[in-house]
Every structure is written in C-alpha cells, then in structure tokens.
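Q: Quick one: the structure is below, questions incoming.
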Amino acid sequence: TRAGAYRGTIVHSLELGVVQLILDGLIIVNASGRIAACYDLDNLPDDVTLSAEELVESFEANLTDLRGKLILPGFVDGHAHAPQYAFTGTGMDLPLLQWLEKYTFPCESNFQDVAFARDVYTKAVTRHLRSGTTTCSYFATIHVDACKVLVDVVRRAGQRAYVGKVSMDRNSPDYLIETTEDAMRDAELFAKFVLSTNTEAGAGAGGSGEGIANKMKQLQLKDGAEAGFVPSCTAQLMQKLGDISEAYSLPVQSHLSESPGEIAWVRELHPECDTYMGVYDRYGLLHERSYFAHCVHCTGEERELMSLKGGAVIHCPSSNFMLGSGVANVKRYIRDGCKVGLGTDVAGGYSSSILDCLRQALIASRVCSFGHGLEPGEAACDALTFQEGFHLATQGGAEALGLGHLVGNFTPGKEFDALVVDVRSIKQLDPSGVAQQVPNAAQAGAGGVAAAPETTPEHASAPFHMFPGQGMQEAFEKFLFLGDDRNIAQVYVGGVRVV
Ligand code: GUN
Ligand code: ZN
C-alpha cells in the first residue's frame, strides 16, 4: 500500500505568487498514493472531530514524523535531453546550431547501442530524481530501442515522466537521420508501445513492487538537425506527428524560437507560414497539450497564437545563457496568458537541478525588469519573485505539461509527489565514505524557530546559517537559493518512496 501520513512543515504553491506554509502540517495519503487530506494541525477544520494529538496518533505505525523538516511538492522539469546527460558539463562554448553539430549529434548517434543507452539513461534519471525532479519531460533520440530503454529506466526508478522519441528526417547528419517513412512509422509504433505498456500497477517503483506512478506518454518531435526543431522535420512528418498526437491524445514537445540563426532558417524553410509558432500550428502541433522549450524571441503575434491555442512555454534560462541564445522574458508570457514551466534543458543547460534553473530564471527575469529586450512601447515587467519561481518549478510546470490536476501541490485528490527537505543537517562523507548526519546551527525548536547556534566543528560545514528567531519560512527561502540534493532526504512519487 502507498498509504501513509506525513507530519512536518508543508510548503506549496496554490497559484502564482501564493505560497502556503503550514508550520505543523499533516498530509494523509491513501492506498492508491493520492492525497486524502492536507491539514494544519494548529488549525483543524470543524469536520475533524479528533484533536490534533488524537488525529496524529490514529495513524500509528503509518506515520512518518518529519517535524523540523520541509515537505515540498516534487519539482517538474519540462524539458531535458536524457542522452545529452552523457556530455553535460563539457562543450558549452558554441552557439546553438554549431553546438548541435559539434557535440549533440555525435553524442546522440551513440544511442543506437542499447547498452550504452542504458548506462547513460540510468545515470541521467538517477541524477534528476536525486535532485528532486519527480516529473520529467525527456527527449530521447531517434532510436526506438533506446527510447524503450529510457521508458524502462524511468519506470524502474519510479519517476513520473514523459518520454519522447525524437523525429528527424531532414537537415540532419547522415549518421543521425531517418527516412520520412521510417520516422512516421516509428513515431506511431513507439506511441503504441508506451500506451500499451502504461499500467497503473506496473513494474514497481523504488523496489516496493507496488506499481508505478509514471503516466508515460509518447511525445513527438524534437527537432534536431543542424538546427533541431522545425528544421529537422519535413512538413509531411510534422503533419503525421500532429495526427498521431490527436489520434492518441498525446502531448507534443519541441523547441521554439531559441536562437536568431535558427529562427532565420525556419523562415527560409517555411515561407508558407507567417511565424515560427505558425509552422507548428499549421501542421497540427500547437494545441493544449503542446509545450515548447526556450521561446526566447517570440513576437507578440506568436504569443497571442500560443495563448489562444493553449500551448505552454518551458523556460530554460541556463541553456539560453550558456548557448548565448538570449534572455527569455517569462513574465511577458505569463502576462499574455501562456502557461509557463521550467526546464533544465540538459545538456544545453549544465545542471539537472530545477533549483539551479529556478535561480537562473530569477536572474533572467531580473535582467528583463531592467528593460532588456523590451518591445517598442512595452513597459518592463517586475522581476519574478522567488515565490513565483517556486510556483513555476512545481504547479506551473505541472500545468504546462497537462498534469496540473494530478501533481504540483498538495491539494487533496492529487498524487503525493513530494520532497522531504532537511534544512538542519547535511549528509557528509567521512573518510571511510559513510554518510553521517551532522547537526546544523538551525535546530528548529518549538514553533519551528531556530535555537541559538552551537559552535562545533560540524557547525562550520552545516549548510545554512540561521539567526536565532528565524524559522522554517527562512529555511525554505534558503533552500531555494542555497540548497541542493544533499538537503533532499527523501523523494516520493505517487506515494511511493523513490529516494
Ligand atoms: N534544438 C533542436 N535540438 C536541440 C537540442 O538538442 N537542444 C537545444 N537546446 N535546442 C535544440
Ligand atoms: Zn532542448
């Protein structure tokens, strides 16, 4: 059973800019991994007849006592290339089109080898999950067998994921290209494979043998090519992918308006369309299940079309900075009614962590608030706040992926996808390599308020300094800015512990 009760400090975002912190909270999860209730134990609703103490006691052995720790919704990564994890952290010295040609395509061609694929995919998925990403939208490559390996790896890991087979039938290197016929056939074949093997009680997550939480669907399109996106798919293939997405109700993920060189190329390739966004629209790939990475340079007309059709932006600031693509103004998309989530874009982005992405999103938005890249007559938007960034990393991302009803926060009825964040201690490796818990200064006392720090040698290596009087609100903020996977003590997907 996935049933359980979790007591700790709950922090989640209900809508953009509205973060709720429940100092002493209790989340009750039912046998199918869904949230039955989310209580503030200091302020129980009238229909609960038990006292807080009695309520907690009623769960006995099923209670996980996480007092002093934060319980956050799992992060949503709306855009990551699992194969590119192989070269993450190298090759960050070229603009997009040259970067694809020099690093990305040679790397991705290795995924015709399924053993290589399993090795890299296992590392990639493990790292994303350890970093707190409970829902991830992955691109694979054109290789169907390796795509199936990625599906298997995420199911075994217990991560909630979308896996997209990449389609590339033009403007791609000889060693990484499909015929239009093969691409159309394989896209549908992979979709059918995923849908037919998607079971609620599947292969087991986190070794529990209890079934998976992944709802895997195939996504189409990547665009690859010396440009990767529209440039790497013929109109005929795009139309077929659009038809598949409609026939099977599948989401669509791709890239949009990332770099000036790419945009100019799309214009050249598609004189029949007014805009880059218009190309996806014309071939059936822009609808309420579509989401597009980057959107650095979209025009007002493109934003309007996206908003009208219900598409979403996946903001990938780390990648946009590193590949020199530009500074995307997310506030402008939010203002214009588009859904927005965050993406690491491994390996255009070097980090698999949505925390890193969130920080860079705050910087990108700050730069835009200074007036960078304003359209004629446009007033600068205020910079994204950290509360708004947290929303994009959780509920906003879930909505962008069409999963807002299922995950993103702790609203009853949703699945329990959660992180347990230890803000008081850090796991350190001692010389023998054994993980130890080292006490931190911020030993939360009554009311979640930090006690006066002790001066111990361990204290110097504890992650966050907390002043006396500071509490879980500050610890949450510090985690967003300073935290990393060492603070993420446990990860749950659909009520199953996976880390
Ligand atoms: N455009 C097409 N393919 C890619 C890719 O793999 N990464 C990025 N960042 N942009 C792309
Ligand atoms: Zn990408």
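Chain labels run A, B, ... following the order of the structure tokens; each chain numbers its residues from 1, and ligands are numbered from 1 in the order shown.
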Would you list the contacts of Phe321 of chain A as a list of chain:residue names, taking every protein, DNA or RNA residue within 12 Å and counting only C-alpha atoms, but skipping same-chain residues closer than 4 positions in sequence?
A: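 Within the cut-off, the hits are A:Met92, A:Asp93, A:Leu94, A:Pro95, A:Leu96, A:Glu258, A:Ser259, A:His294, A:Val296, A:His315, A:Cys316, A:Pro317, A:Ser325, A:Gly326, A:Val327, A:Ala328, A:Thr344, A:Asp345, A:Gly348, A:Gly349, A:Tyr350, A:Cys357, A:Gln360, A:Ala361, A:Ile363, A:Ala364, A:Val367.
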Q: Emit the selected residues as a short mmCIF file (atom, residue, chain, number, x, y, z; two decimals), in the first residue's frame, including N, CA and C atoms.
A:
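Wrote out_12.cif, looks like this:
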```
data_model
loop_
_atom_site.label_atom_id
_atom_site.label_comp_id
_atom_site.auth_asym_id
_atom_site.auth_seq_id
_atom_site.Cartn_x
_atom_site.Cartn_y
_atom_site.Cartn_z
N MET A 92 30.39 23.76 -23.81
CA MET A 92 29.43 24.84 -23.62
C MET A 92 29.94 26.12 -24.29
N ASP A 93 30.70 25.93 -25.36
CA ASP A 93 31.43 27.08 -25.92
C ASP A 93 30.95 27.52 -27.30
N LEU A 94 29.82 27.01 -27.75
CA LEU A 94 29.37 27.35 -29.10
C LEU A 94 27.89 27.76 -29.10
N PRO A 95 27.50 28.57 -30.07
CA PRO A 95 26.06 28.87 -30.20
C PRO A 95 25.30 27.66 -30.74
N LEU A 96 23.99 27.68 -30.57
CA LEU A 96 23.11 26.52 -30.79
C LEU A 96 23.43 25.66 -32.01
N GLU A 258 14.50 29.67 -30.38
CA GLU A 258 15.60 29.62 -29.41
C GLU A 258 16.70 30.61 -29.77
N SER A 259 17.21 30.53 -31.00
CA SER A 259 18.32 31.43 -31.35
C SER A 259 18.04 32.15 -32.67
N HIS A 294 12.27 27.06 -24.59
CA HIS A 294 13.01 28.28 -24.92
C HIS A 294 12.12 29.50 -25.16
N VAL A 296 12.61 32.23 -26.65
CA VAL A 296 13.40 33.40 -26.26
C VAL A 296 12.96 34.63 -27.06
N HIS A 315 10.62 27.38 -19.90
CA HIS A 315 11.69 28.36 -19.78
C HIS A 315 12.98 27.65 -19.35
N CYS A 316 14.04 27.81 -20.17
CA CYS A 316 15.31 27.10 -19.91
C CYS A 316 16.45 28.11 -19.83
N PRO A 317 16.48 28.92 -18.76
CA PRO A 317 17.44 30.02 -18.72
C PRO A 317 18.90 29.58 -18.73
N SER A 325 21.79 32.09 -26.44
CA SER A 325 20.56 32.22 -27.23
C SER A 325 19.84 33.54 -26.96
N GLY A 326 19.95 34.04 -25.74
CA GLY A 326 19.28 35.28 -25.38
C GLY A 326 18.63 35.15 -24.02
N VAL A 327 17.90 36.19 -23.62
CA VAL A 327 17.25 36.22 -22.31
C VAL A 327 15.74 36.15 -22.52
N ALA A 328 15.13 35.04 -22.18
CA ALA A 328 13.68 34.92 -22.34
C ALA A 328 12.97 35.67 -21.21
N THR A 344 15.43 22.23 -17.40
CA THR A 344 16.90 22.28 -17.28
C THR A 344 17.56 22.29 -18.65
N ASP A 345 16.89 21.72 -19.65
CA ASP A 345 17.47 21.54 -20.97
C ASP A 345 18.87 20.93 -20.90
N GLY A 348 22.10 21.55 -22.97
CA GLY A 348 22.31 22.96 -23.26
C GLY A 348 22.49 23.67 -21.92
N GLY A 349 21.72 23.22 -20.94
CA GLY A 349 21.94 23.62 -19.56
C GLY A 349 22.85 22.58 -18.92
N TYR A 350 23.70 23.01 -18.00
CA TYR A 350 24.69 22.07 -17.44
C TYR A 350 24.18 21.38 -16.19
N CYS A 357 17.89 25.89 -12.08
CA CYS A 357 17.09 26.51 -13.13
C CYS A 357 16.27 27.68 -12.56
N GLN A 360 18.39 30.72 -11.99
CA GLN A 360 18.74 31.42 -13.23
C GLN A 360 17.50 32.08 -13.85
N ALA A 361 16.35 31.51 -13.59
CA ALA A 361 15.11 32.15 -14.05
C ALA A 361 14.91 33.48 -13.33
N ILE A 363 17.31 35.39 -12.23
CA ILE A 363 18.30 36.33 -12.79
C ILE A 363 17.83 36.81 -14.17
N ALA A 364 17.37 35.89 -15.01
CA ALA A 364 16.91 36.27 -16.34
C ALA A 364 15.77 37.29 -16.23
N VAL A 367 17.03 40.71 -15.20
CA VAL A 367 17.63 41.42 -16.34
C VAL A 367 16.53 42.05 -17.20
#
```
Q: Taking the DSSP secondary structure from the backbone, can you list the residues of segment 313-412 of chain A that are alpha helix (DSSP H), as a ChimeraX atom specification?
A: /A:317-322,330-335,354-369,386-391,397-400
Q: Give me, as a ChimeraX atom specification, the set of residues whose atoms come within 9 Å of any atom of ligand 1, counting only C-alpha atoms and all ligand atoms.
A: /A:80-81,84,96-97,99-100,104-105,139,222-232,254-256,258-259,262,293-294,316,319-320,323,345-349
Q: Rank nothing, just name the residue among A:Glu415, A:Asp485, A:Asp174, A:Glu477 nearest to Leu21 of chain A, using only C-alpha atoms.
A: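 Counting only C-alpha atoms, the residue closest to Leu21 of chain A is A:Glu477.
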Q: Work out how far apart atom CA of Ala124 of chain A and atom CA of Val149 of chain A are and give it in Å to one decimal.
A: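 Pair atom CA of Ala124 of chain A / atom CA of Val149 of chain A returns 12.5 Å.
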Q: Which residue gives the smallest distance to ligand 2 among A:Tyr248, A:Tyr138, A:Phe476, A:Phe193, with only C-alpha atoms and all ligand atoms counted?
A: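 For ligand 2, the nearest of the given residues is A:Tyr138.
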Q: Return the single residue from A:Gly324, A:Gly89, A:Pro271, A:Gly343 that is closest to ligand 2, with distances computed using only C-alpha atoms and all ligand atoms.
A: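 Comparing A:Gly324, A:Gly89, A:Pro271, A:Gly343 against ligand 2, the winner is A:Gly343.
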Q: For ligand 2, which residue among A:Tyr39, A:Tyr283, A:Tyr85, A:Tyr276 is the nearest when counting only C-alpha atoms and all ligand atoms?
A: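 The shortest atom-to-atom distance to ligand 2 comes from A:Tyr85.
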Q: For Arg130 of chain A, find every residue with an atom within 8 Å (counting only C-alpha atoms), except residues of its own chain fewer than 6 positions away, and show them as a ChimeraX atom specification.
A: /A:485,488,491,499
Q: Go ahead and save the picked residues with C-alpha atoms, as a PDB file, in the first residue's frame.
A:
```pdb
ATOM      1  CA  ASP A 485      20.483  17.314  -3.401  1.00  0.00           C
ATOM      2  CA  ILE A 488      16.777  16.293  -0.250  1.00  0.00           C
ATOM      3  CA  VAL A 491      11.580  11.722  -2.584  1.00  0.00           C
ATOM      4  CA  VAL A 499      14.846   8.162  -2.955  1.00  0.00           C
TER       5      VAL A 499
END
```
Q: Which is closest to ligand 2 among A:Ser318, A:Thr134, A:Asn43, A:Gln239, if we use only C-alpha atoms and all ligand atoms?
A: A:Ser318
Q: Which one is closest to ligand 2: A:Ala247, A:Arg282, A:Thr141, A:His297? Count only C-alpha atoms and all ligand atoms.
A: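 Comparing A:Ala247, A:Arg282, A:Thr141, A:His297 against ligand 2, the winner is A:Thr141.
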Q: Kindly give the distance, in Å, that separates atom CA of Gly373 of chain A and atom CA of Ile354 of chain A, rounded to a single decimal.
A: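 For atom CA of Gly373 of chain A relative to atom CA of Ile354 of chain A, the distance reads 24.9 Å.
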Q: Mind checking DSSP for segment 325-401 of chain A and telling me the strand (DSSP E or B) residues as an MDAnalysis selection string?
A: chainID A and resid 339:342 346 349
Q: Which neighbours of Arg127 of chain A fall inside 10 Å, counting only C-alpha atoms, when residues of the same chain fewer than 5 positions from it are skipped, and could you give them as a ChimeraX atom specification?
A: /A:85,121-122,132-133,351-353,485
Q: I'd like the neighbourhood of Leu286 of chain A as a count of residues only, where a residue qualifies if any of its atoms comes within 7 Å (using only C-alpha atoms), though same-chain residues fewer than 5 positions away should be ignored.
A: 4
